[in-house]
Each structure stands twice: as structure tokens, then as C-alpha cells.
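Here's input_31.cif, which has mmCIF, C-alpha atoms and all ligand atoms:
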data_data
loop_
_atom_site.label_atom_id
_atom_site.label_comp_id
_atom_site.auth_asym_id
_atom_site.auth_seq_id
_atom_site.Cartn_x
_atom_site.Cartn_y
_atom_site.Cartn_z
CA MET A 1 2.97 73.30 -101.12
CA ARG A 2 5.05 76.14 -102.52
CA ILE A 3 6.17 76.03 -106.15
CA ASP A 4 9.69 77.13 -107.01
CA PRO A 5 9.18 78.45 -110.53
CA ALA A 6 12.87 78.12 -111.37
CA THR A 7 13.26 74.40 -110.70
CA ASP A 8 9.69 73.07 -110.75
CA ILE A 9 7.93 72.18 -113.98
CA MET A 10 4.43 71.03 -114.77
CA GLY A 11 3.95 68.07 -117.10
CA VAL A 12 0.62 67.94 -118.94
CA VAL A 13 0.02 64.37 -120.08
CA ASP A 14 -2.20 63.51 -123.05
CA VAL A 15 -4.92 66.15 -122.63
CA GLN A 16 -6.43 65.14 -125.97
CA PRO A 17 -10.08 64.70 -126.97
CA THR A 18 -9.38 61.06 -127.92
CA PHE A 19 -9.24 60.37 -124.13
CA MET A 20 -12.34 62.41 -123.26
CA PRO A 21 -16.09 61.78 -123.40
CA GLY A 22 -17.00 61.35 -127.07
CA GLY A 23 -13.43 60.24 -127.90
CA GLU A 24 -12.17 56.86 -129.04
CA LEU A 25 -10.70 55.86 -125.64
CA ALA A 26 -12.79 57.99 -123.33
CA VAL A 27 -11.75 58.39 -119.70
CA VAL A 28 -14.72 59.22 -117.45
CA GLU A 29 -14.69 63.00 -116.81
CA GLY A 30 -11.49 63.27 -118.84
CA ASP A 31 -12.45 66.76 -119.99
CA ALA A 32 -12.79 67.91 -116.35
CA VAL A 33 -8.99 68.18 -116.11
CA VAL A 34 -8.79 71.02 -118.64
CA PRO A 35 -9.90 73.95 -116.42
CA VAL A 36 -7.85 72.62 -113.50
CA VAL A 37 -4.71 72.32 -115.60
CA ASN A 38 -5.26 75.80 -117.03
CA ARG A 39 -5.74 77.33 -113.58
CA VAL A 40 -2.66 75.68 -112.07
CA LEU A 41 -0.49 76.50 -115.08
CA ALA A 42 -1.57 80.14 -115.07
CA GLY A 43 -1.26 80.62 -111.32
CA CYS A 44 1.69 78.56 -110.18
CA PHE A 45 4.18 77.61 -112.90
CA ASP A 46 6.53 79.43 -115.25
CA HIS A 47 7.45 76.30 -117.23
CA ALA A 48 5.63 73.27 -118.61
CA PHE A 49 5.99 70.38 -121.00
CA ALA A 50 3.15 68.47 -122.61
CA THR A 51 2.72 65.10 -124.26
CA GLN A 52 0.50 63.74 -127.00
CA ASP A 53 -0.26 60.10 -127.65
CA TRP A 54 0.42 59.91 -131.38
CA HIS A 55 -0.17 56.62 -133.17
CA PRO A 56 0.07 55.61 -136.84
CA PRO A 57 -2.81 53.58 -138.32
CA GLY A 58 -2.46 49.88 -137.51
CA HIS A 59 -0.51 50.57 -134.30
CA SER A 60 0.35 47.42 -132.34
CA SER A 61 -1.50 48.67 -129.24
CA PHE A 62 -4.80 48.62 -131.15
CA ALA A 63 -6.95 45.51 -130.68
CA SER A 64 -7.94 45.92 -134.34
CA SER A 65 -4.34 45.09 -135.31
CA HIS A 66 -4.63 41.61 -133.72
CA PRO A 67 -7.26 39.39 -135.36
CA GLY A 68 -9.59 37.79 -132.81
CA ARG A 69 -8.56 40.16 -130.01
CA LYS A 70 -10.76 42.67 -128.27
CA PRO A 71 -9.99 45.99 -126.57
CA PHE A 72 -8.76 45.70 -122.95
CA GLU A 73 -7.39 42.17 -123.42
CA THR A 74 -3.69 41.73 -122.60
CA ILE A 75 -1.23 40.14 -125.03
CA GLN A 76 2.48 39.41 -124.84
CA MET A 77 4.68 41.66 -126.96
CA PRO A 78 8.46 41.24 -127.32
CA TYR A 79 8.86 43.93 -124.63
CA GLY A 80 6.31 42.40 -122.20
CA PRO A 81 2.56 42.42 -121.55
CA GLN A 82 0.53 44.96 -123.50
CA ILE A 83 -3.10 45.91 -122.94
CA LEU A 84 -4.96 46.27 -126.22
CA TRP A 85 -6.95 49.45 -126.76
CA PRO A 86 -9.56 50.71 -129.19
CA ASP A 87 -7.98 52.64 -132.09
CA HIS A 88 -7.15 56.07 -130.64
CA ALA A 89 -4.88 59.11 -130.91
CA LEU A 90 -4.39 58.79 -134.64
CA GLN A 91 -1.58 61.03 -135.90
CA GLY A 92 -2.91 64.27 -137.30
CA SER A 93 -6.53 63.58 -136.36
CA ARG A 94 -8.65 66.21 -134.63
CA ASN A 95 -8.99 64.04 -131.53
CA ALA A 96 -5.21 63.66 -131.22
CA ALA A 97 -4.69 67.43 -131.09
CA PHE A 98 -4.62 69.12 -127.70
CA HIS A 99 -8.06 69.86 -126.26
CA PRO A 100 -9.02 73.17 -127.89
CA GLU A 101 -9.46 74.87 -124.50
CA LEU A 102 -6.11 73.72 -123.10
CA ASP A 103 -3.89 76.76 -122.60
CA ILE A 104 -0.50 75.71 -123.96
CA ALA A 105 1.13 79.17 -123.76
CA LYS A 106 3.64 78.03 -121.12
CA VAL A 107 4.38 74.68 -122.78
CA GLU A 108 8.00 74.82 -123.90
CA VAL A 109 8.41 71.32 -125.28
CA ILE A 110 5.92 68.82 -126.68
CA ILE A 111 6.73 65.11 -126.57
CA ARG A 112 4.82 62.86 -128.94
CA LYS A 113 4.84 59.18 -128.07
CA GLY A 114 3.68 55.88 -129.46
CA PHE A 115 4.62 56.74 -133.04
CA ARG A 116 6.60 53.50 -133.58
CA ARG A 117 4.13 50.97 -134.91
CA GLU A 118 5.52 48.00 -132.95
CA LEU A 119 6.04 49.74 -129.60
CA ASP A 120 3.53 51.47 -127.34
CA SER A 121 4.52 54.33 -125.06
CA TYR A 122 2.68 55.27 -121.88
CA SER A 123 5.47 57.14 -120.09
CA THR A 124 6.64 60.57 -121.14
CA PHE A 125 10.22 59.35 -120.53
CA PHE A 126 10.50 55.87 -122.03
CA GLU A 127 8.45 53.77 -124.40
CA ASN A 128 6.93 50.56 -123.06
CA ASP A 129 10.16 48.58 -123.48
CA ARG A 130 11.35 50.93 -120.67
CA LYS A 131 14.53 51.51 -122.70
CA THR A 132 13.71 53.63 -125.74
CA THR A 133 13.96 57.22 -124.53
CA THR A 134 11.73 60.09 -125.57
CA GLY A 135 14.56 62.53 -124.82
CA LEU A 136 12.58 64.35 -122.14
CA ALA A 137 14.85 63.45 -119.22
CA ALA A 138 17.90 64.98 -120.92
CA TRP A 139 15.92 68.12 -121.71
CA LEU A 140 14.72 68.50 -118.11
CA GLN A 141 18.21 67.90 -116.75
CA ALA A 142 19.79 70.36 -119.18
CA ARG A 143 17.28 73.00 -118.13
CA GLY A 144 17.91 72.42 -114.42
CA PHE A 145 14.45 71.23 -113.41
CA ARG A 146 14.42 69.09 -110.29
CA ARG A 147 10.75 68.54 -109.44
CA VAL A 148 8.02 67.44 -111.87
CA PHE A 149 4.32 68.04 -111.17
CA LEU A 150 2.15 65.76 -113.29
CA ALA A 151 -1.40 66.27 -114.52
CA GLY A 152 -3.56 64.78 -117.25
CA LEU A 153 -4.75 61.42 -118.54
CA ALA A 154 -4.89 58.74 -117.52
CA THR A 155 -3.79 58.59 -113.88
CA ASP A 156 -3.24 54.83 -113.89
CA PHE A 157 -1.40 54.58 -117.22
CA CYS A 158 0.45 57.47 -118.81
CA VAL A 159 0.60 59.61 -115.65
CA ALA A 160 1.59 56.67 -113.43
CA TRP A 161 4.26 55.31 -115.79
CA SER A 162 5.66 58.84 -116.21
CA ALA A 163 5.79 59.31 -112.44
CA GLU A 164 7.60 55.99 -111.94
CA ASP A 165 10.19 56.75 -114.59
CA ALA A 166 10.73 60.28 -113.26
CA VAL A 167 11.48 58.88 -109.79
CA ARG A 168 13.91 56.35 -111.26
CA LEU A 169 15.63 59.16 -113.15
CA GLY A 170 16.15 61.07 -109.90
CA PHE A 171 13.43 63.71 -110.11
CA GLU A 172 11.08 64.54 -107.27
CA VAL A 173 7.55 63.84 -108.47
CA VAL A 174 4.17 65.18 -107.39
CA VAL A 175 0.83 64.16 -108.93
CA ILE A 176 -1.87 66.85 -108.92
CA GLU A 177 -4.81 64.55 -108.24
CA ASP A 178 -7.74 66.73 -109.27
CA ALA A 179 -5.92 67.58 -112.50
CA CYS A 180 -5.93 63.87 -113.47
CA ARG A 181 -8.54 61.25 -114.23
CA GLY A 182 -8.00 57.49 -114.41
CA ILE A 183 -9.34 54.53 -116.37
CA GLY A 184 -9.55 51.98 -113.52
CA LEU A 185 -9.53 48.62 -115.30
CA PRO A 186 -10.35 45.68 -113.00
CA GLY A 187 -7.20 44.17 -111.52
CA GLN A 188 -6.50 41.36 -109.08
CA ASP A 189 -8.18 41.02 -105.65
CA GLY A 190 -11.09 43.27 -106.60
CA THR A 191 -8.80 46.26 -106.97
CA THR A 192 -8.41 48.40 -110.06
CA THR A 193 -5.44 49.65 -112.05
CA LEU A 194 -6.08 52.98 -110.33
CA ASP A 195 -5.72 51.47 -106.83
CA ALA A 196 -2.56 49.67 -107.91
CA ALA A 197 -1.06 52.83 -109.40
CA ARG A 198 -1.70 54.89 -106.27
CA ARG A 199 -0.23 52.20 -104.02
CA ASN A 200 2.81 51.74 -106.22
CA LEU A 201 3.51 55.46 -106.61
CA SER A 202 3.07 56.19 -102.90
CA GLY A 203 5.52 53.39 -102.15
CA MET A 204 8.05 55.02 -104.47
CA GLY A 205 7.80 58.36 -102.71
CA VAL A 206 5.62 60.17 -105.24
CA GLY A 207 3.66 62.98 -103.60
CA PHE A 208 -0.05 63.61 -104.17
CA VAL A 209 -1.64 67.04 -103.84
CA ILE A 210 -4.84 68.73 -104.87
CA SER A 211 -4.54 71.86 -106.95
CA ASN A 212 -5.63 74.38 -104.33
CA GLU A 213 -2.79 73.22 -102.06
CA LEU A 214 -0.29 74.68 -104.54
CA THR A 215 0.98 78.22 -104.12
CA ALA A 216 3.54 80.32 -105.93
CA ASP A 217 5.28 83.51 -104.87
ZN ZN A 301 -2.11 55.13 -127.07
#
Rendering of file as C-alpha cells:
Amino acid sequence: MRIDPATDIMGVVDVQPTFMPGGELAVVEGDAVVPVVNRVLAGCFDHAFATQDWHPPGHSSFASSHPGRKPFETIQMPYGPQILWPDHALQGSRNAAFHPELDIAKVEVIIRKGFRRELDSYSTFFENDRKTTTGLAAWLQARGFRRVFLAGLATDFCVAWSAEDAVRLGFEVVVIEDACRGIGLPGQDGTTTLDAARRNLSGMGVGFVISNELTAD
């Protein structure tokens, strides 16, 4: 798949130590995305954006904010169901910074999300009420980008919700599979959130590639 550096952009989602082995909400092999993201960014893209999960203490997505609740339980929030997580991505903490080896030289805009205490935000485009915008769509449109290549953590949450919203906003979307890792919580019918995300995204027309299928002029 050939990259058009003028109208294609890479989106690097939540490549933060908080989501990596040793972090507060560790994704298995989460740190394995870093060299892949760096290689693809260096070799194929002229432009990138990046996101950081960025929560205040006592954030409503933390199980610790709901007495009697445990991480990975689901509760009803005013905006819909919300999975509860361990405390993670605390604003200004070392583990909420970008991974120290992530090369952010080509990152032109950084979107921080989840900073409103009462509202979580998986997607890089909208918070979890699916209405409150992060402003990214307007920025991409103003800059003339048409196709978004997504990488990062976690495939089945922040990457998947970003991909869905990008399709709804009219962008072409491609997920770089080996530049992502997922959480894979158990879902219905013996499937996981990862299976559900792949099925859903494929049905919406999201493309999946592996990094060595990408070429640039
Ligand atoms: Zn979070």
C-alpha cells in the first residue's frame, strides 16, 4: 500500500508507559509497538498526530472512584456504559508521558483526552459521550488530510473508537496491525473485545495492513 505523504497522516494513539508492561494499565507487549511506530513514521509519513490519555486524580473511569467497584467492571454513566479501569495515565506523571523511545519529531499536534473528571475519552475525535469533540477532525480537515493510518494502544479501545469516529467523519481509515496491541477483555459468546473490534471495523470499511506492506515514494 502506497502512502501519499501529502494527504495521508499517521495517528499514534496513547503510546505511554502507563499502558505498557510495568504500567498501571498494562497491555501485553504494549512496548513492542514503539520500534514499529518509529520505523513506519520515519520511512513512510511526513505528518503525524499523537494522543495521550490524560486523567486528573479521582477520574470517573477509575474503579477507585466508585466505592465497592473493581477494575474491569462496567457501570452506567450518564453518557452510557463505562468500563472501570485501574488508576492510570495521571496528568503530569512519568507514565503518562510519551514512551521515552517514541520518536515524536514528525508529530505536529498532540491531543490529550480524558481530562474532564466526569467523562472518559477513548477516541481521538470525541469523548465517550460521542459528542464532545477533541478538535482533531477540524484540524485534519483544515490541513487537507484524507486518510488516517492508526497505530498504538489499545487496538480494541482507543484505536478502535478512533477508527470508528474517523470513518463516520468521512476519512478513509487504515489500522497498522503490528503497530498496535489490544487488551482483549472477555465479551459475549466466548469472543473478546479484540474480536468484536476487528469485526466491527472491518464491517465499516476500515482497512488493516501490516507495517511492511506500506511504501512511500
Ligand atoms: Zn484512560
Point-to-point distance in Å for atom CA of A:Glu172 and atom CA of A:Leu214: 15.5 Å
Could you list the protein, DNA and RNA residues that have any atom within 7 Å of ligand ZN 301 (chain A), counting all atoms listed in the file, and write them as a VMD selection string? chain A and resid 53 to 55 61 88 to 89 114 120 to 121
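For the pair atom CA of A:Phe19 and atom CA of A:Ile104, the separation is 17.7 Å.
Distance check against A:Pro71 using all atoms listed in the file: of A:Thr132, A:Glu24, A:Ala216, A:Val40, the minimum falls on A:Glu24.
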Near A:Glu73, within 9 Å and counting all atoms listed in the file, which residues show up once chain neighbours fewer than 2 positions away are dropped, as a ChimeraX atom specification? /A:63,69-71,75,82-85
Output of the above residues as a PDB file, in the coordinates of the input, restricted to C-alpha atoms:
ATOM      1  CA  ALA A  63      -6.950  45.510-130.680  1.00  0.00           C
ATOM      2  CA  ARG A  69      -8.560  40.160-130.010  1.00  0.00           C
ATOM      3  CA  LYS A  70     -10.760  42.670-128.270  1.00  0.00           C
ATOM      4  CA  PRO A  71      -9.990  45.990-126.570  1.00  0.00           C
ATOM      5  CA  ILE A  75      -1.230  40.140-125.030  1.00  0.00           C
ATOM      6  CA  GLN A  82       0.530  44.960-123.500  1.00  0.00           C
ATOM      7  CA  ILE A  83      -3.100  45.910-122.940  1.00  0.00           C
ATOM      8  CA  LEU A  84      -4.960  46.270-126.220  1.00  0.00           C
ATOM      9  CA  TRP A  85      -6.950  49.450-126.760  1.00  0.00           C
TER      10      TRP A  85
END
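Reported to one decimal place, the separation of atom CA of A:Phe125 from atom CA of A:Ala137 is 6.3 Å.
Residue nearest A:Gln16, chosen from A:Leu90, A:Met77, A:Ala97, A:Val33 and counting only C-alpha atoms: A:Ala97.
Residue nearest A:Thr7 within the list A:Ala138, A:Ala48, A:Leu150, A:Leu119: A:Ala48 [criterion: smallest interatomic distance, all atoms listed in the file].
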Hey, which of A:Val173, A:Asn38, A:Gly22, A:Gly92 ends up closest to A:Pro57? Count only C-alpha atoms.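 The answer is A:Gly92, which sits nearest to A:Pro57.
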Could you check the closest approach to A:Arg146 for each of A:Gly170, A:Pro35, A:Gly187, A:Gly182 and tell me which residue wins, using all atoms listed in the file?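 Smallest distance to A:Arg146 is found for A:Gly170.
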Would you pick out the contacts of A:Met1 at 12 Å or less, using all atoms listed in the file, so that residues sharing its chain but fewer than 3 positions from it are not included, and give the list as a VMD selection string? chain A and resid 4 8 44 149 174 176 207 to 217
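The smallest atom-to-atom distance between A:Pro186 and any of A:Phe72, A:Tyr79, A:Phe98, A:Ser162, using all atoms listed in the file, is found for A:Phe72.
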Would you mind listing what lies within 6 Å of A:Gly184 as a PDB file with C-alpha atoms, in the frame of the given file, with all atoms listed in the file counted and same-chain residues fewer than 6 positions away left out?
ATOM      1  CA  THR A 192      -8.410  48.400-110.060  1.00  0.00           C
ATOM      2  CA  THR A 193      -5.440  49.650-112.050  1.00  0.00           C
ATOM      3  CA  LEU A 194      -6.080  52.980-110.330  1.00  0.00           C
TER       4      LEU A 194
END
When you look at A:Ala154 with a cut-off of 10 Å (counting only C-alpha atoms), what residues show up, excluding the ones that are within fewer than 2 positions of it in the same chain? I need them as a PyMOL selection string. chain A and resi 13-15+19+26-28+30+122+151-152+156-161+180-184+194
